[in-house]
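Okay, final.txt now, which holds compact mmCIF, N, CA and C atoms:
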```
# COMPACT_ATOMS: atom_id res chain seq x y z
N GLN T 632 17.51 -6.42 10.84
CA GLN T 632 16.80 -7.67 10.70
C GLN T 632 15.32 -7.40 10.49
N ILE T 633 14.77 -8.06 9.52
CA ILE T 633 13.34 -7.94 9.23
C ILE T 633 12.72 -9.30 9.50
N LEU T 634 11.64 -9.31 10.27
CA LEU T 634 10.89 -10.54 10.54
C LEU T 634 9.49 -10.38 9.95
N ILE T 635 9.08 -11.40 9.21
CA ILE T 635 7.77 -11.39 8.56
C ILE T 635 7.06 -12.68 8.90
N ASN T 636 5.84 -12.57 9.37
CA ASN T 636 4.99 -13.72 9.65
C ASN T 636 4.14 -13.97 8.41
N ALA T 637 4.17 -15.19 7.89
CA ALA T 637 3.43 -15.50 6.67
C ALA T 637 2.44 -16.63 6.91
N LYS T 638 1.23 -16.46 6.39
CA LYS T 638 0.24 -17.53 6.40
C LYS T 638 0.68 -18.60 5.41
N PRO T 639 0.10 -19.80 5.48
CA PRO T 639 0.58 -20.93 4.67
C PRO T 639 0.73 -20.68 3.17
N VAL T 640 -0.23 -20.07 2.51
CA VAL T 640 -0.13 -19.86 1.06
C VAL T 640 1.03 -18.94 0.74
N ALA T 641 1.14 -17.83 1.47
CA ALA T 641 2.25 -16.89 1.25
C ALA T 641 3.58 -17.54 1.61
N ALA T 642 3.60 -18.35 2.65
CA ALA T 642 4.84 -19.02 3.06
C ALA T 642 5.35 -19.94 1.96
N ARG T 643 4.46 -20.69 1.34
CA ARG T 643 4.89 -21.57 0.24
C ARG T 643 5.49 -20.75 -0.90
N TYR T 644 4.86 -19.65 -1.20
CA TYR T 644 5.38 -18.79 -2.28
C TYR T 644 6.74 -18.20 -1.90
N LEU T 645 6.85 -17.69 -0.67
CA LEU T 645 8.11 -17.09 -0.23
C LEU T 645 9.25 -18.11 -0.18
N LYS T 646 8.91 -19.35 0.10
CA LYS T 646 9.94 -20.41 0.09
C LYS T 646 10.46 -20.63 -1.33
N SER T 647 9.57 -20.57 -2.30
CA SER T 647 9.98 -20.83 -3.69
C SER T 647 10.49 -19.58 -4.40
N GLN T 648 10.03 -18.41 -3.95
CA GLN T 648 10.44 -17.13 -4.56
C GLN T 648 10.84 -16.14 -3.46
N PRO T 649 12.02 -16.30 -2.89
CA PRO T 649 12.44 -15.41 -1.78
C PRO T 649 12.44 -13.94 -2.19
N ILE T 650 12.16 -13.10 -1.22
CA ILE T 650 12.20 -11.65 -1.43
C ILE T 650 13.65 -11.19 -1.58
N HIS T 651 14.56 -11.83 -0.85
CA HIS T 651 15.96 -11.40 -0.83
C HIS T 651 16.85 -12.62 -0.59
N ASP T 652 18.10 -12.53 -1.04
CA ASP T 652 19.05 -13.64 -0.88
C ASP T 652 19.31 -13.99 0.58
N SER T 653 19.16 -13.04 1.47
CA SER T 653 19.42 -13.27 2.90
C SER T 653 18.24 -13.95 3.61
N GLN T 654 17.15 -14.14 2.92
CA GLN T 654 15.93 -14.68 3.54
C GLN T 654 16.16 -16.10 4.07
N GLU T 655 15.74 -16.31 5.31
CA GLU T 655 15.82 -17.61 5.97
C GLU T 655 14.52 -17.85 6.73
N ILE T 656 14.24 -19.12 7.01
CA ILE T 656 13.10 -19.43 7.87
C ILE T 656 13.58 -19.32 9.31
N HIS T 657 12.92 -18.46 10.07
CA HIS T 657 13.24 -18.24 11.47
C HIS T 657 12.54 -19.29 12.33
N SER T 658 11.26 -19.52 12.04
CA SER T 658 10.49 -20.55 12.73
C SER T 658 9.33 -20.97 11.83
N GLU T 659 8.84 -22.17 12.07
CA GLU T 659 7.78 -22.69 11.21
C GLU T 659 6.79 -23.47 12.06
N GLY T 660 5.51 -23.21 11.81
CA GLY T 660 4.44 -23.91 12.50
C GLY T 660 3.38 -24.32 11.50
N LYS T 661 2.31 -24.90 12.00
CA LYS T 661 1.24 -25.38 11.12
C LYS T 661 0.56 -24.25 10.37
N ASN T 662 0.31 -23.13 11.05
CA ASN T 662 -0.46 -22.04 10.45
C ASN T 662 0.33 -20.78 10.15
N LYS T 663 1.64 -20.82 10.40
CA LYS T 663 2.45 -19.64 10.09
C LYS T 663 3.92 -20.03 9.97
N THR T 664 4.61 -19.24 9.18
CA THR T 664 6.06 -19.35 9.04
C THR T 664 6.63 -17.96 9.22
N VAL T 665 7.66 -17.86 10.03
CA VAL T 665 8.32 -16.57 10.24
C VAL T 665 9.62 -16.57 9.44
N PHE T 666 9.74 -15.58 8.56
CA PHE T 666 10.92 -15.41 7.74
C PHE T 666 11.76 -14.27 8.29
N MET T 667 13.07 -14.43 8.20
CA MET T 667 14.00 -13.41 8.63
C MET T 667 14.89 -13.05 7.45
N MET T 668 15.16 -11.75 7.31
CA MET T 668 16.08 -11.32 6.25
C MET T 668 16.78 -10.05 6.69
N SER T 669 17.92 -9.82 6.08
CA SER T 669 18.72 -8.63 6.39
C SER T 669 18.84 -7.78 5.15
N LEU T 670 18.12 -6.67 5.15
CA LEU T 670 18.21 -5.72 4.06
C LEU T 670 17.69 -4.37 4.51
N LEU T 671 17.99 -3.36 3.73
CA LEU T 671 17.54 -2.01 4.06
C LEU T 671 16.09 -1.83 3.65
N ILE T 672 15.40 -1.00 4.40
CA ILE T 672 14.02 -0.66 4.06
C ILE T 672 14.06 0.23 2.82
N SER T 673 13.32 -0.16 1.80
CA SER T 673 13.28 0.60 0.55
C SER T 673 11.84 0.62 0.04
N GLU T 674 11.60 1.49 -0.91
CA GLU T 674 10.27 1.54 -1.53
C GLU T 674 9.95 0.23 -2.21
N GLU T 675 10.92 -0.38 -2.83
CA GLU T 675 10.72 -1.67 -3.49
C GLU T 675 10.29 -2.73 -2.48
N LEU T 676 10.95 -2.78 -1.32
CA LEU T 676 10.58 -3.75 -0.28
C LEU T 676 9.17 -3.47 0.22
N ILE T 677 8.84 -2.22 0.48
CA ILE T 677 7.51 -1.87 0.98
C ILE T 677 6.44 -2.32 -0.01
N ARG T 678 6.63 -2.03 -1.27
CA ARG T 678 5.65 -2.41 -2.30
C ARG T 678 5.55 -3.93 -2.44
N THR T 679 6.66 -4.62 -2.31
CA THR T 679 6.64 -6.08 -2.37
C THR T 679 5.84 -6.64 -1.21
N LEU T 680 6.08 -6.14 -0.01
CA LEU T 680 5.35 -6.63 1.16
C LEU T 680 3.86 -6.32 1.04
N LEU T 681 3.52 -5.13 0.58
CA LEU T 681 2.10 -4.78 0.41
C LEU T 681 1.42 -5.67 -0.62
N SER T 682 2.16 -6.19 -1.57
CA SER T 682 1.56 -7.03 -2.61
C SER T 682 1.03 -8.35 -2.04
N TYR T 683 1.46 -8.72 -0.84
CA TYR T 683 0.97 -9.95 -0.21
C TYR T 683 -0.33 -9.73 0.56
N GLY T 684 -0.79 -8.50 0.64
CA GLY T 684 -2.05 -8.20 1.31
C GLY T 684 -2.08 -8.73 2.73
N GLY T 685 -3.16 -9.38 3.08
CA GLY T 685 -3.34 -9.91 4.43
C GLY T 685 -2.68 -11.25 4.67
N GLU T 686 -1.88 -11.70 3.74
CA GLU T 686 -1.22 -13.01 3.89
C GLU T 686 0.07 -12.93 4.69
N ILE T 687 0.61 -11.71 4.88
CA ILE T 687 1.82 -11.56 5.68
C ILE T 687 1.64 -10.43 6.68
N GLU T 688 2.49 -10.46 7.71
CA GLU T 688 2.52 -9.40 8.72
C GLU T 688 3.97 -9.10 9.04
N VAL T 689 4.33 -7.83 9.00
CA VAL T 689 5.68 -7.42 9.40
C VAL T 689 5.71 -7.42 10.93
N ILE T 690 6.63 -8.18 11.49
CA ILE T 690 6.79 -8.25 12.93
C ILE T 690 7.79 -7.20 13.41
N GLN T 691 8.90 -7.13 12.71
CA GLN T 691 9.92 -6.12 13.03
C GLN T 691 10.75 -5.84 11.80
N PRO T 692 11.36 -4.68 11.73
CA PRO T 692 11.49 -3.65 12.75
C PRO T 692 10.23 -2.82 12.87
N LYS T 693 10.11 -2.15 14.00
CA LYS T 693 8.93 -1.31 14.27
C LYS T 693 8.75 -0.26 13.17
N GLU T 694 9.84 0.32 12.71
CA GLU T 694 9.77 1.36 11.68
C GLU T 694 9.10 0.85 10.41
N LEU T 695 9.46 -0.34 9.97
CA LEU T 695 8.86 -0.91 8.76
C LEU T 695 7.39 -1.24 8.99
N ARG T 696 7.09 -1.80 10.15
CA ARG T 696 5.70 -2.12 10.49
C ARG T 696 4.84 -0.85 10.44
N GLU T 697 5.34 0.25 10.99
CA GLU T 697 4.60 1.51 10.98
C GLU T 697 4.41 2.05 9.57
N ILE T 698 5.40 1.91 8.73
CA ILE T 698 5.26 2.34 7.33
C ILE T 698 4.14 1.55 6.66
N ILE T 699 4.13 0.25 6.85
CA ILE T 699 3.09 -0.60 6.26
C ILE T 699 1.73 -0.22 6.82
N GLU T 700 1.64 -0.03 8.13
CA GLU T 700 0.37 0.36 8.76
C GLU T 700 -0.15 1.67 8.16
N ASN T 701 0.74 2.64 7.97
CA ASN T 701 0.34 3.94 7.41
C ASN T 701 -0.15 3.81 5.98
N ARG T 702 0.52 3.00 5.19
CA ARG T 702 0.10 2.80 3.79
C ARG T 702 -1.28 2.15 3.75
N ILE T 703 -1.51 1.16 4.61
CA ILE T 703 -2.81 0.48 4.65
C ILE T 703 -3.89 1.46 5.10
N SER T 704 -3.58 2.28 6.08
CA SER T 704 -4.53 3.28 6.56
C SER T 704 -4.88 4.26 5.45
N ASP T 705 -3.87 4.72 4.71
CA ASP T 705 -4.10 5.64 3.60
C ASP T 705 -5.01 5.00 2.55
N MET T 706 -4.77 3.73 2.24
CA MET T 706 -5.60 3.02 1.25
C MET T 706 -7.03 2.88 1.76
N SER T 707 -7.17 2.60 3.05
CA SER T 707 -8.49 2.46 3.65
C SER T 707 -9.29 3.75 3.52
N HIS T 708 -8.65 4.88 3.75
CA HIS T 708 -9.32 6.17 3.61
C HIS T 708 -9.65 6.47 2.15
N LEU T 709 -8.73 6.12 1.26
CA LEU T 709 -8.93 6.36 -0.16
C LEU T 709 -10.17 5.63 -0.67
N TYR T 710 -10.34 4.40 -0.19
CA TYR T 710 -11.49 3.59 -0.61
C TYR T 710 -12.68 3.70 0.33
N LYS T 711 -12.59 4.68 1.24
CA LYS T 711 -13.67 4.99 2.18
C LYS T 711 -14.14 3.77 2.99
N LEU T 712 -13.15 3.04 3.53
CA LEU T 712 -13.46 1.86 4.33
C LEU T 712 -13.56 2.22 5.81
N ASN T 713 -13.20 3.44 6.18
CA ASN T 713 -13.29 3.87 7.58
C ASN T 713 -14.46 4.80 7.77
```

In structure tokens, how does this file's structure come out?
Amino acid sequence: QILINAKPVAARYLKSQPIHDSQEIHSEGKNKTVFMMSLLISEELIRTLLSYGGEIEVIQPKELREIIENRISDMSHLYKLN
């Protein structure tokens, strides 16, 4: 199970253009929507999630969250933001 927290703009897009057929809304609030989906972690999924920038946050699984964190850290070093 993958849980993703999305800010309003990203949530509207994800509702109209789901990442995967299994995608469902887990919970919805004024400032965030949590999406749930069942799929394997792949390079395609990682790149898709990164394309949303700061508009989404991977909540779980921990393994996917760590992969995203590492990619962001690598980009930060590449662009000398640290």

- prompt: Which neighbours of Val689 (chain T) fall inside 6.5 Å, counting only N, CA and C atoms, when residues of the same chain fewer than 4 positions from it are skipped, and could you give them as a PyMOL selection string?
  reply: chain T and resi 634-636+695-696

- request: Rank nothing, just name the residue among T:Leu681, T:Ile650, T:Gln691, T:Ser658 nearest to Ile633 (chain T), using only N, CA and C atoms.
  value: T:Gln691

- prompt: What separation in Å, quoted to one decimal, exists between CA of Gly660 (chain T) and atom C of Ile699 (chain T)?
  reply: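 A separation of 24.5 Å between them.
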
CA of Thr679 (chain T) to CA of Ala641 (chain T), distance in Å rounded to a single decimal: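 Straight-line distance from CA of Thr679 (chain T) to CA of Ala641 (chain T) works out to 12.2 Å.
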
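Here atom C of Glu655 (chain T) stands at a distance of 4.9 Å from atom C of Met667 (chain T).
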
- prompt: Counting only N, CA and C atoms, what is within 8 Å of Leu670 (chain T), bar same-chain residues fewer than 4 positions away, as a list in words?
  reply: Gln632, Ile633, His651, Ser653 and Gln654 of chain T

- request: Could you check which of T:Arg702, T:Arg643, T:Lys693, T:His708 is closest to Thr664 (chain T), using all atoms listed in the file?
  value: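 Once distances to Thr664 (chain T) are computed over all atoms listed in the file, the minimum belongs to T:Arg643.
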
Identify the residues within 7 Å of coordinate (1.2, -12.0, -0.4) (same frame as the file), considering only C-alpha atoms, and give the answer as a compact mmCIF listing (two decimals) with N, CA and C atoms, keeping the file's coordinate frame.
```
# COMPACT_ATOMS: atom_id res chain seq x y z
N ALA T 641 1.14 -17.83 1.47
CA ALA T 641 2.25 -16.89 1.25
C ALA T 641 3.58 -17.54 1.61
N LEU T 680 6.08 -6.14 -0.01
CA LEU T 680 5.35 -6.63 1.16
C LEU T 680 3.86 -6.32 1.04
N SER T 682 2.16 -6.19 -1.57
CA SER T 682 1.56 -7.03 -2.61
C SER T 682 1.03 -8.35 -2.04
N TYR T 683 1.46 -8.72 -0.84
CA TYR T 683 0.97 -9.95 -0.21
C TYR T 683 -0.33 -9.73 0.56
N GLY T 684 -0.79 -8.50 0.64
CA GLY T 684 -2.05 -8.20 1.31
C GLY T 684 -2.08 -8.73 2.73
N GLY T 685 -3.16 -9.38 3.08
CA GLY T 685 -3.34 -9.91 4.43
C GLY T 685 -2.68 -11.25 4.67
N GLU T 686 -1.88 -11.70 3.74
CA GLU T 686 -1.22 -13.01 3.89
C GLU T 686 0.07 -12.93 4.69
N ILE T 687 0.61 -11.71 4.88
CA ILE T 687 1.82 -11.56 5.68
C ILE T 687 1.64 -10.43 6.68
```

Kindly provide, as JSON, the centre and edge lengths (Å, one decimal) of an axis-aligned box around all atoms of region 653-667 of chain T given in the file, with 6 Å on each side.
```
{"center_x": 9.5, "center_y": -19.2, "center_z": 7.1, "size_x": 31.9, "size_y": 24.3, "size_z": 23.3}
```

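Here the question is which of T:Asp652, T:Tyr644, T:Arg678, T:Ala637 gets nearest to Val665 (chain T) using all atoms listed in the file, and that residue is T:Ala637.
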
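Proximity ranking of T:Glu700, T:Ile672, T:Ala642, T:Ser647 relative to Glu659 (chain T) places T:Ala642 first, based on only C-alpha atoms.
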
Would you save chain T to a file, keeping C-alpha atoms, as an mmCIF file, in the first residue's frame?
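Wrote selection30.cif, looks like this:
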```cif
data_model
loop_
_atom_site.group_PDB
_atom_site.id
_atom_site.type_symbol
_atom_site.label_atom_id
_atom_site.label_comp_id
_atom_site.auth_asym_id
_atom_site.auth_seq_id
_atom_site.Cartn_x
_atom_site.Cartn_y
_atom_site.Cartn_z
ATOM 1 C CA GLN T 632 0.000 0.000 0.000
ATOM 2 C CA ILE T 633 1.259 3.426 -0.948
ATOM 3 C CA LEU T 634 -0.114 6.526 0.771
ATOM 4 C CA ILE T 635 0.493 9.963 -0.704
ATOM 5 C CA ASN T 636 -0.494 13.275 0.840
ATOM 6 C CA ALA T 637 -1.344 15.853 -1.836
ATOM 7 C CA LYS T 638 -1.840 19.600 -1.581
ATOM 8 C CA PRO T 639 -5.002 20.969 -3.249
ATOM 9 C CA VAL T 640 -3.602 21.676 -6.742
ATOM 10 C CA ALA T 641 -1.920 18.263 -6.985
ATOM 11 C CA ALA T 642 -5.000 16.578 -5.514
ATOM 12 C CA ARG T 643 -7.229 18.011 -8.238
ATOM 13 C CA TYR T 644 -4.826 16.768 -10.878
ATOM 14 C CA LEU T 645 -4.497 13.312 -9.296
ATOM 15 C CA LYS T 646 -8.290 13.014 -9.153
ATOM 16 C CA SER T 647 -8.546 13.700 -12.884
ATOM 17 C CA GLN T 648 -5.354 11.859 -13.918
ATOM 18 C CA PRO T 649 -4.736 8.950 -11.505
ATOM 19 C CA ILE T 650 -1.241 7.530 -11.222
ATOM 20 C CA HIS T 651 -2.610 3.975 -11.180
ATOM 21 C CA ASP T 652 -5.938 2.154 -11.617
ATOM 22 C CA SER T 653 -5.896 1.124 -7.947
ATOM 23 C CA GLN T 654 -5.733 4.749 -6.767
ATOM 24 C CA GLU T 655 -8.431 5.737 -4.267
ATOM 25 C CA ILE T 656 -9.014 8.662 -1.944
ATOM 26 C CA HIS T 657 -8.122 7.522 1.570
ATOM 27 C CA SER T 658 -9.106 10.775 3.271
ATOM 28 C CA GLU T 659 -9.860 14.321 2.227
ATOM 29 C CA GLY T 660 -9.614 17.639 4.015
ATOM 30 C CA LYS T 661 -9.556 21.321 3.157
ATOM 31 C CA ASN T 662 -5.786 21.545 2.651
ATOM 32 C CA LYS T 663 -4.815 17.975 1.806
ATOM 33 C CA THR T 664 -6.030 14.768 0.237
ATOM 34 C CA VAL T 665 -4.497 11.407 1.015
ATOM 35 C CA PHE T 666 -4.449 8.942 -1.866
ATOM 36 C CA MET T 667 -3.950 5.217 -1.483
ATOM 37 C CA MET T 668 -2.840 2.816 -4.195
ATOM 38 C CA SER T 669 -1.521 -0.702 -4.516
ATOM 39 C CA LEU T 670 1.423 -1.134 -6.830
ATOM 40 C CA LEU T 671 5.063 -2.090 -6.838
ATOM 41 C CA ILE T 672 7.771 0.496 -6.360
ATOM 42 C CA SER T 673 9.351 1.136 -9.757
ATOM 43 C CA GLU T 674 11.543 3.732 -11.400
ATOM 44 C CA GLU T 675 8.514 4.963 -13.315
ATOM 45 C CA LEU T 676 6.567 5.498 -10.068
ATOM 46 C CA ILE T 677 9.512 7.277 -8.426
ATOM 47 C CA ARG T 678 9.921 9.648 -11.381
ATOM 48 C CA THR T 679 6.181 10.306 -11.497
ATOM 49 C CA LEU T 680 6.099 11.190 -7.806
ATOM 50 C CA LEU T 681 9.162 13.430 -8.128
ATOM 51 C CA SER T 682 7.452 15.293 -10.970
ATOM 52 C CA TYR T 683 4.972 16.705 -8.434
ATOM 53 C CA GLY T 684 7.766 18.466 -6.543
ATOM 54 C CA GLY T 685 6.649 19.890 -3.216
ATOM 55 C CA GLU T 686 2.967 19.370 -3.980
ATOM 56 C CA ILE T 687 2.935 15.776 -2.685
ATOM 57 C CA GLU T 688 4.495 13.812 0.165
ATOM 58 C CA VAL T 689 4.939 10.044 0.319
ATOM 59 C CA ILE T 690 3.591 8.900 3.676
ATOM 60 C CA GLN T 691 4.211 5.185 3.261
ATOM 61 C CA PRO T 692 5.797 2.775 2.688
ATOM 62 C CA LYS T 693 8.937 3.869 4.493
ATOM 63 C CA GLU T 694 11.107 2.366 1.742
ATOM 64 C CA LEU T 695 9.534 4.554 -0.956
ATOM 65 C CA ARG T 696 9.704 7.649 1.247
ATOM 66 C CA GLU T 697 13.436 7.039 1.798
ATOM 67 C CA ILE T 698 14.042 6.617 -1.931
ATOM 68 C CA ILE T 699 12.321 9.951 -2.600
ATOM 69 C CA GLU T 700 14.248 11.630 0.242
ATOM 70 C CA ASN T 701 17.553 10.349 -1.181
ATOM 71 C CA ARG T 702 16.757 11.559 -4.698
ATOM 72 C CA ILE T 703 15.839 15.016 -3.367
ATOM 73 C CA SER T 704 19.028 15.112 -1.302
ATOM 74 C CA ASP T 705 21.103 14.158 -4.355
ATOM 75 C CA MET T 706 19.436 16.935 -6.387
ATOM 76 C CA SER T 707 20.049 19.418 -3.580
ATOM 77 C CA HIS T 708 23.771 18.606 -3.601
ATOM 78 C CA LEU T 709 23.913 18.718 -7.390
ATOM 79 C CA TYR T 710 22.491 22.247 -7.390
ATOM 80 C CA LYS T 711 24.579 23.209 -4.349
ATOM 81 C CA LEU T 712 21.571 24.021 -2.167
ATOM 82 C CA ASN T 713 23.204 22.568 0.960
#
```
